[in-house]
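work-v1.cif (mmCIF, C-alpha atoms) appears below.
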```
data_protein
#
loop_
_atom_site.label_atom_id
_atom_site.label_comp_id
_atom_site.auth_asym_id
_atom_site.auth_seq_id
_atom_site.Cartn_x
_atom_site.Cartn_y
_atom_site.Cartn_z
CA MET S 1 -52.27 -235.75 -14.72
CA ILE S 2 -55.69 -233.99 -14.55
CA PRO S 3 -58.36 -235.77 -16.59
CA ALA S 4 -59.55 -233.97 -19.76
CA LYS S 5 -63.15 -233.87 -18.46
CA THR S 6 -62.04 -232.01 -15.31
CA ILE S 7 -60.01 -229.49 -17.33
CA ARG S 8 -62.96 -228.95 -19.65
CA PHE S 9 -65.28 -228.36 -16.66
CA ILE S 10 -62.93 -225.74 -15.18
CA GLN S 11 -62.64 -224.00 -18.57
CA LEU S 12 -66.40 -223.82 -18.92
CA GLY S 13 -66.65 -222.39 -15.41
CA LEU S 14 -64.12 -219.66 -16.19
CA ILE S 15 -65.89 -218.81 -19.46
CA ALA S 16 -69.22 -218.52 -17.63
CA GLY S 17 -67.58 -216.25 -15.06
CA LEU S 18 -66.19 -213.96 -17.76
CA VAL S 19 -69.58 -213.77 -19.44
CA ALA S 20 -71.21 -212.87 -16.12
CA ILE S 21 -68.61 -210.18 -15.53
CA SER S 22 -69.25 -208.67 -18.96
CA LEU S 23 -72.95 -208.37 -18.17
CA PHE S 24 -72.15 -205.92 -15.36
CA ASN S 25 -70.05 -203.61 -17.53
CA GLU S 26 -71.91 -200.61 -18.89
CA PRO S 27 -71.68 -200.20 -22.67
CA VAL S 28 -69.88 -197.11 -23.94
CA SER S 29 -71.86 -195.12 -26.44
CA ALA S 30 -70.10 -194.43 -29.74
CA LEU S 31 -71.64 -190.96 -29.63
CA ALA S 32 -70.41 -190.11 -26.13
CA GLY S 33 -67.66 -187.87 -27.46
CA THR S 34 -69.75 -185.92 -29.93
CA ALA S 35 -70.62 -182.33 -29.15
CA THR S 36 -72.58 -179.61 -30.83
CA PRO S 37 -71.84 -175.90 -30.50
CA VAL S 38 -74.08 -174.00 -28.10
CA THR S 39 -76.09 -171.46 -30.07
CA GLU S 40 -78.94 -170.89 -27.61
CA SER S 41 -78.59 -171.01 -23.83
CA ILE S 42 -80.95 -169.68 -21.15
CA LEU S 43 -80.15 -169.26 -17.45
CA LEU S 44 -82.45 -168.10 -14.64
CA SER S 45 -81.33 -166.49 -11.38
CA PRO S 46 -82.14 -167.05 -8.58
CA THR S 47 -83.46 -170.61 -8.77
CA PHE S 48 -85.85 -170.20 -5.81
CA LYS S 49 -87.76 -167.49 -3.97
CA ARG S 50 -88.82 -167.44 -0.30
CA TYR S 51 -91.54 -165.24 1.18
CA GLU S 52 -93.27 -164.70 4.50
CA LEU S 53 -96.57 -162.95 3.75
CA ASP S 54 -99.79 -161.89 5.41
CA THR S 55 -103.17 -162.58 3.90
CA SER S 56 -104.18 -159.93 1.33
CA ALA S 57 -100.50 -158.94 0.98
CA VAL S 58 -99.09 -157.66 -2.31
CA GLN S 59 -95.48 -158.61 -3.01
CA ARG S 60 -93.53 -157.28 -6.01
CA ASP S 61 -90.36 -159.04 -7.10
CA SER S 62 -88.33 -160.12 -10.14
CA PHE S 63 -85.88 -162.67 -11.49
CA ASP S 64 -83.19 -162.44 -14.17
CA ILE S 65 -82.89 -164.30 -17.47
CA LEU S 66 -79.38 -164.51 -18.92
CA ASN S 67 -78.60 -165.41 -22.53
CA ASN S 68 -75.09 -166.87 -22.52
CA GLY S 69 -75.49 -168.41 -25.98
CA GLN S 70 -74.59 -167.14 -29.43
CA SER S 71 -77.97 -166.03 -30.74
CA ALA S 72 -80.92 -163.97 -29.57
CA PHE S 73 -84.14 -165.72 -28.60
CA ASN S 74 -87.68 -165.03 -27.46
CA PHE S 75 -89.09 -166.53 -24.28
CA VAL S 76 -92.42 -166.60 -22.48
CA VAL S 77 -93.02 -166.61 -18.71
CA TYR S 78 -95.75 -168.39 -16.75
CA ALA S 79 -96.43 -170.00 -13.36
CA ARG S 80 -97.36 -173.59 -12.47
CA PRO S 81 -98.06 -175.65 -9.32
CA TYR S 82 -95.14 -177.29 -7.54
CA SER S 83 -95.26 -180.58 -5.64
CA VAL S 84 -93.13 -183.74 -5.39
CA LYS S 85 -93.91 -187.35 -6.25
CA ASN S 86 -91.80 -189.40 -3.82
CA GLU S 87 -89.00 -189.32 -1.25
CA LEU S 88 -86.52 -188.54 -4.01
CA TYR S 89 -88.48 -185.31 -4.55
CA GLU S 90 -89.10 -185.77 -8.26
CA PRO S 91 -90.90 -182.54 -9.17
CA ASP S 92 -94.50 -182.49 -10.37
CA PHE S 93 -95.56 -179.31 -12.15
CA VAL S 94 -99.00 -180.58 -13.14
CA ASN S 95 -100.76 -182.40 -10.29
CA GLY S 96 -100.38 -179.94 -7.46
CA GLY S 97 -101.76 -180.64 -3.99
CA GLN S 98 -103.76 -178.45 -1.65
CA ASN S 99 -100.79 -176.21 -0.79
CA SER S 100 -99.47 -175.96 -4.38
CA ASP S 101 -101.54 -172.89 -5.15
CA ALA S 102 -98.96 -170.09 -4.90
CA TYR S 103 -98.72 -170.02 -8.71
CA LYS S 104 -102.27 -168.65 -8.80
CA TRP S 105 -101.11 -165.57 -6.92
CA VAL S 106 -98.54 -164.56 -9.57
CA GLN S 107 -99.12 -161.95 -12.26
CA PHE S 108 -96.27 -161.14 -14.68
CA GLU S 109 -95.67 -157.60 -15.91
CA GLN S 110 -95.63 -158.94 -19.49
CA PRO S 111 -95.98 -162.44 -20.97
CA SER S 112 -92.99 -162.56 -23.33
CA TYR S 113 -89.51 -161.09 -23.84
CA THR S 114 -86.53 -161.03 -26.21
CA VAL S 115 -82.96 -161.32 -24.95
CA GLU S 116 -79.80 -160.71 -27.00
CA PRO S 117 -76.59 -162.78 -26.69
CA GLY S 118 -74.63 -161.96 -23.55
CA LYS S 119 -77.48 -159.85 -22.16
CA THR S 120 -79.73 -160.14 -19.11
CA VAL S 121 -83.45 -159.37 -18.94
CA LYS S 122 -85.25 -158.62 -15.67
CA VAL S 123 -88.69 -160.23 -15.40
CA ASN S 124 -91.00 -158.39 -13.00
CA TYR S 125 -94.02 -159.98 -11.34
CA THR S 126 -96.48 -159.33 -8.53
CA MET S 127 -97.84 -161.80 -5.96
CA ARG S 128 -101.28 -161.12 -4.45
CA VAL S 129 -102.15 -163.31 -1.49
CA PRO S 130 -105.87 -164.12 -1.15
CA SER S 131 -107.65 -162.92 1.97
CA ASP S 132 -108.66 -166.49 2.80
CA ALA S 133 -105.24 -168.11 2.24
CA ALA S 134 -104.57 -170.79 4.88
CA PRO S 135 -101.64 -170.23 7.26
CA GLY S 136 -98.54 -172.25 6.41
CA GLY S 137 -96.62 -173.16 3.28
CA HIS S 138 -97.79 -172.56 -0.29
CA TYR S 139 -95.75 -173.51 -3.34
CA GLY S 140 -95.42 -172.88 -7.04
CA VAL S 141 -92.84 -172.47 -9.80
CA LEU S 142 -92.06 -169.60 -12.16
CA PHE S 143 -91.04 -170.72 -15.64
CA ALA S 144 -89.25 -169.06 -18.54
CA GLU S 145 -89.39 -171.00 -21.81
CA THR S 146 -87.67 -170.25 -25.10
CA GLN S 147 -89.79 -169.96 -28.22
CA PRO S 148 -88.90 -170.90 -31.81
CA SER S 149 -87.82 -168.01 -34.00
CA ASP S 150 -89.34 -167.27 -37.40
CA ALA S 151 -86.32 -168.92 -39.03
CA THR S 152 -87.01 -172.28 -37.35
CA GLU S 153 -90.78 -172.50 -37.58
CA GLY S 154 -90.65 -174.46 -40.85
CA THR S 155 -88.11 -177.04 -39.66
CA ALA S 156 -89.05 -180.60 -38.75
CA ILE S 157 -87.76 -180.46 -35.15
CA ILE S 158 -88.24 -177.50 -32.83
CA ARG S 159 -86.62 -177.65 -29.37
CA LYS S 160 -87.76 -175.51 -26.48
CA LYS S 161 -85.70 -174.94 -23.35
CA ARG S 162 -87.29 -174.23 -19.97
CA VAL S 163 -85.87 -172.99 -16.68
CA GLY S 164 -87.71 -172.32 -13.44
CA ALA S 165 -87.58 -170.82 -9.95
CA ILE S 166 -89.45 -172.54 -7.11
CA VAL S 167 -91.62 -170.31 -4.91
CA TYR S 168 -91.71 -171.11 -1.17
CA ALA S 169 -94.35 -168.83 0.38
CA THR S 170 -95.38 -169.02 4.05
CA VAL S 171 -98.62 -167.27 5.01
CA ASN S 172 -98.42 -165.93 8.55
CA GLY S 173 -100.79 -167.13 11.26
CA ASP S 174 -100.98 -170.58 12.83
CA VAL S 175 -97.65 -171.74 11.38
CA ARG S 176 -96.29 -175.02 12.76
CA THR S 177 -92.76 -176.32 12.11
CA SER S 178 -92.01 -179.87 13.15
CA GLY S 179 -89.72 -182.52 11.70
CA LYS S 180 -88.18 -185.90 12.46
CA PHE S 181 -84.98 -187.66 11.49
CA GLU S 182 -86.09 -191.00 10.03
CA GLY S 183 -82.65 -192.57 9.69
CA SER S 184 -79.57 -192.86 7.48
CA ASP S 185 -78.57 -195.44 4.92
CA ALA S 186 -75.04 -196.35 3.82
CA PRO S 187 -75.07 -200.13 3.07
CA PHE S 188 -71.91 -201.99 4.11
CA PHE S 189 -71.65 -204.06 0.92
CA GLN S 190 -71.61 -201.88 -2.21
CA PHE S 191 -70.47 -203.04 -5.64
CA ASN S 192 -69.97 -199.99 -7.86
CA ALA S 193 -70.02 -196.21 -8.00
CA PRO S 194 -71.57 -194.09 -6.76
CA LEU S 195 -70.96 -194.90 -3.12
CA LYS S 196 -74.48 -194.53 -1.73
CA VAL S 197 -74.94 -192.24 1.27
CA ARG S 198 -78.52 -191.28 2.11
CA SER S 199 -80.59 -189.93 5.00
CA THR S 200 -84.32 -189.30 5.39
CA VAL S 201 -86.11 -186.43 7.15
CA SER S 202 -89.88 -186.02 7.49
CA ASN S 203 -92.00 -182.90 8.04
CA SER S 204 -95.11 -183.06 10.24
CA GLY S 205 -95.72 -179.28 10.28
CA ASN S 206 -97.63 -177.09 7.86
CA THR S 207 -94.72 -175.25 6.25
CA ASP S 208 -91.34 -176.16 4.83
CA PHE S 209 -88.00 -176.00 6.62
CA MET S 210 -84.35 -176.37 5.60
CA VAL S 211 -82.02 -179.27 6.35
CA LYS S 212 -78.26 -178.80 6.39
CA SER S 213 -76.79 -182.15 5.46
CA SER S 214 -73.10 -183.02 5.42
CA VAL S 215 -71.12 -186.19 4.81
CA ARG S 216 -67.46 -187.08 5.39
CA VAL S 217 -65.88 -190.21 3.96
CA SER S 218 -62.45 -191.34 5.15
CA ASP S 219 -60.30 -194.40 4.56
CA VAL S 220 -59.25 -196.90 7.23
CA PHE S 221 -56.27 -194.68 8.10
CA GLY S 222 -58.48 -191.66 8.77
CA ALA S 223 -57.55 -189.70 5.65
CA LEU S 224 -60.46 -187.66 4.27
CA LYS S 225 -61.43 -188.86 0.80
CA TYR S 226 -64.73 -187.09 0.16
CA ARG S 227 -66.91 -184.41 1.69
CA ALA S 228 -70.23 -182.90 0.69
CA ASP S 229 -72.44 -180.21 2.18
CA LYS S 230 -75.88 -179.27 0.96
CA GLU S 231 -79.01 -177.50 2.14
CA VAL S 232 -82.41 -178.73 0.98
CA SER S 233 -86.08 -177.97 1.70
CA ILE S 234 -88.50 -180.43 3.31
CA LEU S 235 -92.13 -179.85 2.31
CA PRO S 236 -95.06 -180.42 4.70
CA GLN S 237 -96.09 -184.08 4.94
CA LYS S 238 -93.44 -185.01 2.33
CA PRO S 239 -90.51 -187.06 3.71
CA ARG S 240 -87.30 -186.48 1.78
CA GLU S 241 -84.37 -188.77 1.08
CA VAL S 242 -81.30 -186.55 1.10
CA ASN S 243 -78.74 -187.82 -1.41
CA ASN S 244 -75.06 -187.34 -0.55
CA ASP S 245 -73.68 -190.02 -2.88
CA TRP S 246 -69.97 -190.06 -3.70
CA GLN S 247 -69.96 -190.21 -7.49
CA ASN S 248 -66.31 -191.07 -8.17
CA PRO S 249 -64.79 -193.21 -5.41
CA ALA S 250 -61.81 -195.51 -5.91
CA TRP S 251 -62.98 -198.76 -7.46
CA ILE S 252 -62.20 -200.74 -4.27
CA GLY S 253 -61.85 -199.74 -0.63
CA LEU S 254 -63.08 -199.83 2.95
CA TYR S 255 -64.46 -196.48 4.08
CA LYS S 256 -65.88 -194.83 7.18
CA VAL S 257 -68.94 -192.71 6.37
CA GLU S 258 -70.06 -189.97 8.79
CA GLN S 259 -73.32 -188.08 8.21
CA THR S 260 -74.70 -185.03 10.03
CA ASN S 261 -78.17 -183.54 9.53
CA GLN S 262 -79.25 -180.27 11.17
CA PHE S 263 -82.80 -178.90 11.05
CA LEU S 264 -85.00 -176.85 13.36
CA ASP S 265 -83.61 -177.64 16.85
CA THR S 266 -82.34 -181.12 15.91
CA THR S 267 -78.85 -182.40 15.08
CA LYS S 268 -78.38 -186.05 14.14
CA ALA S 269 -74.96 -187.60 13.53
CA THR S 270 -74.43 -191.17 12.33
CA SER S 271 -71.46 -193.24 11.18
CA ALA S 272 -71.05 -196.50 9.30
CA TYR S 273 -68.47 -198.53 7.41
CA VAL S 274 -68.79 -199.29 3.70
CA LEU S 275 -66.93 -201.98 1.76
CA LEU S 276 -66.83 -201.01 -1.91
CA VAL S 277 -65.77 -203.98 -4.06
CA PRO S 278 -66.88 -204.59 -7.67
CA ILE S 279 -69.00 -207.68 -8.10
CA TRP S 280 -66.55 -209.14 -10.63
CA VAL S 281 -64.00 -209.43 -7.81
CA TYR S 282 -66.43 -211.65 -5.91
CA LEU S 283 -67.03 -213.67 -9.09
CA VAL S 284 -63.29 -214.18 -9.55
CA LEU S 285 -62.91 -215.25 -5.92
CA VAL S 286 -65.79 -217.70 -6.28
CA SER S 287 -64.21 -219.10 -9.46
CA LEU S 288 -60.89 -219.56 -7.67
CA ILE S 289 -62.53 -221.23 -4.70
CA VAL S 290 -64.52 -223.57 -6.92
CA GLY S 291 -61.40 -224.40 -8.93
CA ARG S 292 -59.47 -225.11 -5.72
CA ILE S 293 -62.24 -227.40 -4.46
CA LEU S 294 -62.36 -229.28 -7.77
CA TYR S 295 -58.59 -229.69 -7.73
CA ALA S 296 -58.69 -230.98 -4.13
CA VAL S 297 -61.40 -233.47 -5.09
CA PHE S 298 -59.31 -234.64 -8.05
CA LEU S 299 -56.23 -235.12 -5.85
CA ARG S 300 -58.24 -237.11 -3.31
CA ARG S 301 -59.64 -239.39 -5.98
CA ARG S 302 -56.19 -239.81 -7.51
CA THR S 303 -54.66 -240.95 -4.21
CA LYS S 304 -57.32 -243.61 -3.67
#
```

So that I can check it, write out the structure of this file as structure tokens.
Amino acid sequence: MIPAKTIRFIQLGLIAGLVAISLFNEPVSALAGTATPVTESILLSPTFKRYELDTSAVQRDSFDILNNGQSAFNFVVYARPYSVKNELYEPDFVNGGQNSDAYKWVQFEQPSYTVEPGKTVKVNYTMRVPSDAAPGGHYGVLFAETQPSDATEGTAIIRKKRVGAIVYATVNGDVRTSGKFEGSDAPFFQFNAPLKVRSTVSNSGNTDFMVKSSVRVSDVFGALKYRADKEVSILPQKPREVNNDWQNPAWIGLYKVEQTNQFLDTTKATSAYVLLVPIWVYLVLVSLIVGRILYAVFLRRRTK
């Protein structure tokens, strides 16, 4: 018969394991299912603009603002610098760098508009390139921002919604395009969703270029489980981590991950295996192993 102290020790170990498992479970918000009717919704199209311009050039263009909500609203338009903070390309619309000056070239036909429900408004603007603009890439962002109506000005909370289109402008001249594949990352041991699939590309030129990135994930039998294709911009002197994460994989599995990145005259293909197993499975296995060891120790002492 197993001594009471040994049984108590095993029970405490199992309780500790369950507590540890609970710490890794994300809490579910009681408000997750609540929803409020959409009364005001603003969409901008297209979400980016690309130009190749000479110095002193004048470029006229426009974008569309769609109201797919249930009420009319006013909105203002303005331009701001565009840069990124890190390899994840978190946007920065305040602290622009040397080549984030394209917003200064933009002049809108009018500063504000009104759009009715279900209607689209065309916003016209003109870009004037300075005569001394440096060759290469210049960047900015065009914003449209809703404004509170007269009926909401006296309320305690006023929400504004903002949408934007990034401007990628290349000034002709001594334009250099050069990039490098810095590597891919798909760790073998992963514990929960998403299944992480990343690659990094750097830009050593003076203008941006596009990267076509694709990922294919298959199981051990070769059946395709997930695929993703995207095209992203790489800014000068700003390495970018391209995210191709699989958001909703099966909770456990062994997968083969194949990545392909194409840019300029370069194509890089990589492959790796990923073992996706929740950490609580490892904790259960450890608990079983420890219990088995303790039981073996008990049996050895009993036979002496």

Just give me the gap between CA of Gly118 (chain S) and CA of Asn67 (chain S) in Å, one decimal is fine.
-> 5.4 Å

Quick one: which residues end up in the PyMOL selection byres ((chain S and resi 177) around 6) for this structure, as a VMD selection string?
-> chain S and resid 176 178 205

With C-alpha atoms retained, write the just-selected residues as a tab-separated table (two decimals), in the frame of the given file.
```
chain	number	residue	atom	x	y	z
S	176	ARG	CA	-96.29	-175.02	12.76
S	178	SER	CA	-92.01	-179.87	13.15
S	205	GLY	CA	-95.72	-179.28	10.28
```

Write out as a ChimeraX atom specification the residues lying within 9 Å of Lys230 (chain S), counting only C-alpha atoms and excluding same-chain residues fewer than 4 positions away.
-> /S:211-214,244

Residues at most 7 Å from Ile65 (chain S), counting all atoms listed in the file, excluding those fewer than 5 positions away in the same chain, as a PyMOL selection string?
-> chain S and resi 42-45+120-122

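Nearest to Pro236 (chain S) of all the residues S:Thr266, S:Ser202, S:Ser271, S:Ser62 is S:Ser202, counting all atoms listed in the file.
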
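Distances from S:Phe298, S:Phe73, S:Phe48, S:Phe189 to Pro117 (chain S) were compared using only C-alpha atoms, and the smallest one belongs to S:Phe73.
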
Using all atoms listed in the file, pick whichever of S:Leu299, S:Val197, S:Met210, S:Val242 has the shortest atom-to-atom distance to Asn86 (chain S).
-> S:Val242

Check which residues satisfy the PyMOL selection byres ((chain S and resi 83) around 8) in the file shown, then give them as a ChimeraX atom specification.
-> /S:81-82,84-85,91-93,95-97,100,139-140
